[in-house]
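What's in upload.cif: mmCIF, C-alpha atoms and all ligand atoms
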```cif
data_final
#
loop_
_atom_site.label_atom_id
_atom_site.label_comp_id
_atom_site.auth_asym_id
_atom_site.auth_seq_id
_atom_site.Cartn_x
_atom_site.Cartn_y
_atom_site.Cartn_z
CA MET A 92 9.06 9.84 8.00
CA LEU A 93 7.88 9.17 4.44
CA GLU A 94 7.33 12.58 2.96
CA ALA A 95 6.20 14.15 -0.31
CA ARG A 96 6.91 17.85 -0.75
CA ASP A 97 5.49 20.15 -3.37
CA VAL A 98 4.60 17.20 -5.61
CA THR A 99 2.97 17.73 -8.99
CA VAL A 100 1.71 14.88 -11.18
CA ARG A 101 0.19 15.41 -14.60
CA TYR A 102 -1.72 13.00 -16.77
CA GLY A 103 -1.42 14.67 -20.14
CA ARG A 104 -1.84 18.38 -19.56
CA ARG A 105 -4.03 17.99 -16.49
CA ALA A 106 -2.37 18.30 -13.07
CA VAL A 107 -3.93 15.70 -10.77
CA LEU A 108 -1.61 16.67 -7.91
CA ASP A 109 -0.47 20.29 -7.89
CA GLY A 110 2.17 21.16 -5.33
CA VAL A 111 0.96 18.67 -2.72
CA GLY A 112 2.76 17.98 0.55
CA PHE A 113 2.01 14.94 2.68
CA ALA A 114 3.77 12.99 5.41
CA VAL A 115 3.44 9.50 6.88
CA ARG A 116 5.00 9.24 10.32
CA PRO A 117 6.56 6.10 11.76
CA GLY A 118 4.47 4.32 14.36
CA ARG A 119 1.25 6.02 13.30
CA VAL A 120 -1.71 5.22 11.09
CA THR A 121 -2.27 8.25 8.87
CA GLY A 122 -5.68 8.32 7.22
CA LEU A 123 -6.30 9.87 3.82
CA GLY A 124 -9.84 10.39 2.58
CA GLY A 125 -11.54 12.42 -0.10
CA PRO A 126 -13.84 11.97 -3.06
CA SER A 127 -13.31 9.56 -5.92
CA GLY A 128 -10.86 10.87 -8.49
CA CYS A 129 -9.20 13.48 -6.24
CA GLY A 130 -5.78 11.84 -6.58
CA LYS A 131 -5.40 9.59 -3.52
CA SER A 132 -4.13 6.59 -5.48
CA THR A 133 -1.83 8.83 -7.50
CA LEU A 134 -0.26 10.12 -4.27
CA ALA A 135 -0.02 6.53 -2.99
CA ARG A 136 1.92 5.49 -6.09
CA VAL A 137 4.28 8.46 -5.77
CA LEU A 138 4.94 7.62 -2.09
CA ALA A 139 5.46 3.94 -2.99
CA LEU A 140 8.13 5.09 -5.47
CA MET A 141 6.13 3.65 -8.37
CA LEU A 142 5.23 6.90 -10.12
CA ARG A 143 7.70 9.68 -10.77
CA PRO A 144 6.19 13.12 -10.18
CA ALA A 145 6.69 15.88 -12.74
CA SER A 146 8.20 17.95 -9.94
CA GLY A 147 8.66 17.88 -6.19
CA THR A 148 10.56 15.60 -3.84
CA VAL A 149 9.96 12.43 -1.87
CA THR A 150 12.13 11.50 1.09
CA VAL A 151 12.22 8.23 3.05
CA ASP A 152 13.52 8.80 6.58
CA GLY A 153 15.31 11.88 5.31
CA ARG A 154 16.85 10.19 2.27
CA PRO A 155 15.84 11.80 -0.99
CA VAL A 156 14.41 9.49 -3.65
CA ARG A 157 16.33 9.91 -6.91
CA GLY A 158 14.86 7.09 -8.99
CA TRP A 159 11.42 5.56 -9.31
CA ARG A 160 10.34 1.95 -9.94
CA GLN A 161 13.31 -0.24 -10.84
CA ARG A 162 15.57 2.81 -10.74
CA ALA A 163 15.00 3.32 -7.02
CA SER A 164 17.64 1.73 -4.85
CA ARG A 165 16.61 -1.68 -3.55
CA GLU A 166 16.78 -0.45 0.03
CA LEU A 167 14.42 2.44 -0.61
CA ARG A 168 12.10 0.33 -2.76
CA THR A 169 11.73 -2.37 -0.14
CA SER A 170 11.17 0.14 2.67
CA VAL A 171 7.71 1.01 1.30
CA ALA A 172 5.02 -1.56 0.42
CA LEU A 173 1.62 -1.02 -1.16
CA VAL A 174 -1.59 -3.05 -0.93
CA TYR A 175 -4.16 -2.28 -3.63
CA GLN A 176 -7.93 -2.38 -3.71
CA GLN A 177 -8.23 -5.17 -6.26
CA PRO A 178 -6.12 -8.20 -5.42
CA ARG A 179 -6.89 -9.94 -8.72
CA LEU A 180 -5.14 -7.16 -10.62
CA ALA A 181 -2.18 -7.27 -8.28
CA VAL A 182 -1.08 -10.90 -8.60
CA ASP A 183 0.30 -13.23 -11.25
CA PRO A 184 -2.62 -15.69 -11.77
CA ARG A 185 -0.19 -18.56 -12.48
CA LEU A 186 1.36 -18.50 -9.00
CA THR A 187 0.14 -20.31 -5.91
CA LEU A 188 -0.67 -18.24 -2.83
CA ALA A 189 2.57 -19.48 -1.22
CA GLU A 190 4.54 -18.28 -4.25
CA ILE A 191 2.75 -14.91 -4.20
CA ILE A 192 3.65 -14.39 -0.55
CA ALA A 193 7.25 -15.48 -1.19
CA GLU A 194 7.72 -13.23 -4.27
CA PRO A 195 9.40 -10.21 -2.66
CA ARG A 196 11.92 -12.30 -0.75
CA ALA A 197 12.73 -14.31 -3.88
CA ALA A 198 13.15 -11.09 -5.86
CA VAL A 199 15.81 -9.77 -3.48
CA GLY A 200 17.58 -13.14 -3.22
CA ARG A 201 16.55 -13.78 0.39
CA PRO A 202 14.15 -16.73 0.13
CA ALA A 203 12.89 -17.97 3.50
CA PRO A 204 10.24 -20.67 2.98
CA GLU A 205 9.57 -20.93 6.71
CA ARG A 206 8.52 -17.25 6.73
CA THR A 207 5.75 -17.95 4.20
CA GLY A 208 3.83 -20.17 6.64
CA ALA A 209 4.28 -17.68 9.47
CA LEU A 210 3.09 -14.77 7.34
CA ALA A 211 0.13 -16.79 6.09
CA ALA A 212 -0.87 -17.58 9.67
CA GLU A 213 -0.48 -13.91 10.62
CA VAL A 214 -3.04 -12.86 7.99
CA GLY A 215 -5.38 -15.79 8.72
CA LEU A 216 -4.68 -18.09 5.76
CA THR A 217 -4.77 -21.81 6.50
CA ALA A 218 -2.07 -24.09 5.08
CA ASP A 219 -4.44 -25.84 2.65
CA LEU A 220 -5.02 -22.54 0.81
CA LEU A 221 -1.34 -21.96 0.11
CA THR A 222 -1.15 -24.48 -2.73
CA ARG A 223 -4.13 -22.92 -4.52
CA ARG A 224 -3.98 -20.39 -7.32
CA PRO A 225 -5.87 -17.06 -7.33
CA HIS A 226 -8.89 -18.41 -9.26
CA GLU A 227 -9.35 -21.07 -6.56
CA VAL A 228 -9.72 -18.63 -3.65
CA SER A 229 -12.06 -15.79 -2.67
CA ASP A 230 -11.24 -12.08 -2.99
CA GLY A 231 -10.80 -11.89 0.77
CA GLN A 232 -8.39 -14.83 0.83
CA LEU A 233 -6.41 -13.35 -2.06
CA GLN A 234 -6.25 -9.97 -0.36
CA ARG A 235 -4.92 -11.69 2.76
CA ALA A 236 -2.14 -13.15 0.58
CA CYS A 237 -1.43 -9.68 -0.87
CA LEU A 238 -1.12 -8.24 2.63
CA ALA A 239 1.23 -11.08 3.65
CA ARG A 240 3.30 -10.35 0.52
CA ALA A 241 3.45 -6.65 1.42
CA LEU A 242 4.66 -7.46 4.94
CA SER A 243 7.20 -10.09 3.88
CA LEU A 244 10.20 -7.75 3.77
CA GLU A 245 9.07 -5.87 6.88
CA PRO A 246 8.61 -2.47 5.22
CA ARG A 247 9.08 0.63 7.34
CA TYR A 248 6.02 2.11 5.61
CA LEU A 249 2.87 0.32 4.50
CA ILE A 250 0.36 1.98 2.18
CA CYS A 251 -3.13 0.45 2.17
CA ASP A 252 -5.02 1.92 -0.81
CA GLU A 253 -8.70 0.98 -0.30
CA MET A 254 -7.36 -2.37 0.94
CA THR A 255 -10.67 -3.56 2.37
CA THR A 256 -13.20 -1.82 0.11
CA MET A 257 -14.21 -5.01 -1.72
CA LEU A 258 -14.38 -7.19 1.37
CA ASP A 259 -16.99 -8.21 3.93
CA ALA A 260 -17.02 -6.62 7.37
CA SER A 261 -15.32 -9.45 9.25
CA THR A 262 -12.46 -9.77 6.72
CA GLN A 263 -12.10 -5.98 6.80
CA ALA A 264 -11.85 -5.95 10.59
CA HIS A 265 -9.31 -8.76 10.58
CA LEU A 266 -7.02 -7.17 7.97
CA VAL A 267 -7.13 -3.82 9.78
CA ALA A 268 -6.19 -5.63 13.01
CA VAL A 269 -3.28 -7.38 11.26
CA VAL A 270 -1.94 -4.03 9.99
CA THR A 271 -2.32 -2.40 13.40
CA ALA A 272 -0.52 -5.32 15.09
CA TYR A 273 2.28 -5.03 12.53
CA ARG A 274 2.57 -1.30 13.27
CA ASP A 275 2.64 -2.00 17.03
CA ARG A 276 5.31 -4.69 16.66
CA THR A 277 7.63 -2.90 14.23
CA GLY A 278 6.92 0.82 14.64
CA ALA A 279 6.18 1.06 10.92
CA GLY A 280 4.22 4.00 9.54
CA VAL A 281 0.89 3.19 7.85
CA LEU A 282 -0.99 5.23 5.24
CA ALA A 283 -4.64 4.14 5.20
CA ILE A 284 -6.50 5.42 2.13
CA SER A 285 -10.27 5.07 2.00
CA HIS A 286 -13.39 6.93 1.01
CA ASP A 287 -15.07 5.37 4.07
CA ASP A 288 -14.92 8.03 6.81
CA VAL A 289 -16.23 5.66 9.47
CA LEU A 290 -13.41 3.19 8.79
CA LEU A 291 -10.76 5.93 8.71
CA ASN A 292 -11.93 7.52 11.95
CA ARG A 293 -11.84 4.15 13.66
CA TRP A 294 -8.52 3.03 12.23
CA ALA A 295 -6.32 6.09 11.84
CA ASP A 296 -4.57 8.23 14.45
CA SER A 297 -5.24 11.27 12.27
CA VAL A 298 -7.23 11.79 9.08
CA THR A 299 -6.61 14.23 6.23
CA LYS A 300 -9.28 14.92 3.64
CA PHE A 301 -7.52 15.27 0.34
CA ASP A 302 -9.70 18.13 -0.88
CA GLN A 303 -8.36 20.22 2.00
CA PHE A 304 -5.06 20.52 0.18
CA SER A 305 -4.21 23.63 -1.76
CA ARG A 306 -4.31 22.37 -5.33
N1 LIG A 401 -2.85 6.62 -15.85
C1 LIG A 401 -3.73 7.64 -15.90
N2 LIG A 401 -3.90 8.35 -17.02
C2 LIG A 401 -4.76 9.40 -17.08
N3 LIG A 401 -5.52 9.80 -16.04
C3 LIG A 401 -5.41 9.12 -14.90
C4 LIG A 401 -4.51 8.01 -14.75
N4 LIG A 401 -4.62 7.54 -13.49
C5 LIG A 401 -5.54 8.32 -12.87
N5 LIG A 401 -6.01 9.27 -13.72
C6 LIG A 401 -6.99 10.32 -13.37
O1 LIG A 401 -6.45 11.09 -12.32
C7 LIG A 401 -7.44 11.43 -11.36
C8 LIG A 401 -7.02 10.93 -9.98
O2 LIG A 401 -7.03 9.50 -9.98
P1 LIG A 401 -6.70 8.67 -8.64
O3 LIG A 401 -6.87 7.23 -8.98
O4 LIG A 401 -5.40 9.11 -8.10
O5 LIG A 401 -7.88 9.18 -7.69
P2 LIG A 401 -8.45 8.56 -6.35
O6 LIG A 401 -8.69 9.70 -5.43
O7 LIG A 401 -7.58 7.48 -5.86
O8 LIG A 401 -9.82 7.95 -6.83
P3 LIG A 401 -10.63 6.64 -6.32
O9 LIG A 401 -11.03 6.94 -4.90
O10 LIG A 401 -11.81 6.58 -7.26
O11 LIG A 401 -9.71 5.49 -6.45
C9 LIG A 401 -8.74 10.81 -11.88
O12 LIG A 401 -9.46 11.82 -12.54
C10 LIG A 401 -8.28 9.76 -12.85
O13 LIG A 401 -9.23 9.57 -13.87
#
```
Take the structure in this file and express it as structure tokens.
Ligand SMILES: Nc1ncnc2c1ncn2[C@@H]1O[C@H](COP(=O)(O)OP(=O)(O)OP(=O)(O)O)[C@@H](O)[C@H]1O
Amino acid sequence: MLEARDVTVRYGRRAVLDGVGFAVRPGRVTGLGGPSGCGKSTLARVLALMLRPASGTVTVDGRPVRGWRQRASRELRTSVALVYQQPRLAVDPRLTLAEIIAEPRAAVGRPAPERTGALAAEVGLTADLLTRRPHEVSDGQLQRACLARALSLEPRYLICDEMTTMLDASTQAHLVAVVTAYRDRTGAGVLAISHDDVLLNRWADSVTKFDQFSR
């Protein structure tokens, strides 16, 4: 289980999360909804070990997180992956799609070029797109590459923060199907964040509305 307990995050003097608890269970798609600005992305970044809370704890399969970002152990860091809403803000524009997908494996010293093609096929990217750079592909194609990158180290938890909000219906359906197939194959836990209740109800095994939390 990926779990936040009693987590408080402040931006300046304002507490955006105030004593929040939340859990993502292995093998399940946990939906998180709620109005814009209520703190969903902030919680996503805490659970992805990218933002240190002012107080509270995060545990990954029972192991307490003691450092955030580069200070987290490599094993903990690579056990959680995050896909953002805006792929163009999430990639280095100088890299080809193949290099973007291969980034995490290169960063941990486990390059596996043959995996790049397999991951690309899994998310529906054809080989001719892999030599292109972000400005030469559509948002949907770039988001597919970002999802492939997130899956490349087989994380035990995958956080999709408004992953399909910018995309057309058929790309949305395909990316959701890829994530569900990944969950089915690996038993990973998925956190699906969206303000789209219809999508969450269709996709998730259970849905929490963030404004239900005691804040
Ligand atoms: N780096 C930051 N500095 C200051 N305030 C921030 C920062 N990041 C987010 N906030 C504020 O914290 C609140 C929660 O933001 P967050 O992005 O977590 O909400 P959200 O529920 O994901 O919203 P949305 O659905 O619009 O993405 C917002 O009021 C936002 O303006």
>> Please determine, counting all atoms listed in the file, which residue among A:Gly103, A:Gly118, A:Gly112, A:Gly124 has the shortest atom-to-atom distance to Ala279 in chain A.
In response: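 Among A:Gly103, A:Gly118, A:Gly112, A:Gly124, it is A:Gly118 that comes nearest to Ala279 in chain A.
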> Using all atoms listed in the file, which of the listed residues (A:Arg162, A:His226, A:Arg168, A:Arg116) sits closest to Val199 in chain A?
Replying inline: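 Closest candidate: A:Arg168.
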>> Which residues are near ligand LIG 401 (chain A) in this structure, taking near to mean any atom at most 9 Å from a ligand atom and counting all atoms listed in the file? Format them as a PyMOL selection string.
In response: chain A and resi 101-103+105-108+124-136+176+252-253+284-286+301
>> Is it possible to get the residues within 10 Å of (2.5, -11.7, 1.9) (coordinates as in the file, counting all atoms listed in the file) written as a PyMOL selection string?
In response: chain A and resi 174+188-196+206-211+213-214+233-244
> Nearest to Thr299 in chain A among A:Arg96, A:Tyr175, A:Val151, A:Leu282, with distances taken over all atoms listed in the file: which residue is it?
Replying inline: A:Leu282
>> If I take CA of Phe113 in chain A and CA of Arg274 in chain A, how far is one from the other in Å, to one decimal?
In response: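 About the pair CA of Phe113 in chain A and CA of Arg274 in chain A: they are 19.4 Å apart.
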> What does the distance from CA of Leu221 in chain A to CA of Met257 in chain A come to in Å, to one decimal?
Replying inline: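 Interatomic distance here is 21.4 Å.
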> If you measure from CA of Trp294 in chain A to CA of Gly153 in chain A, what distance in Å do you get, rounded to one decimal?
Replying inline: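 Distance between the two atoms: 26.3 Å.
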Give, as JSON, the centre coordinates and the x, y and z edge lengths in Å to one decimal for an axis-aligned box around all listed atoms of range 191-197 of chain A, padded by 6 Å on each side.
```
{"center_x": 7.7, "center_y": -12.8, "center_z": -2.4, "size_x": 22.0, "size_y": 17.3, "size_z": 15.7}
```
> Nearest to Leu216 in chain A: which of A:Pro246, A:Pro117, A:Ala181, A:Thr262 is it, counting only C-alpha atoms?
Replying inline: A:Thr262
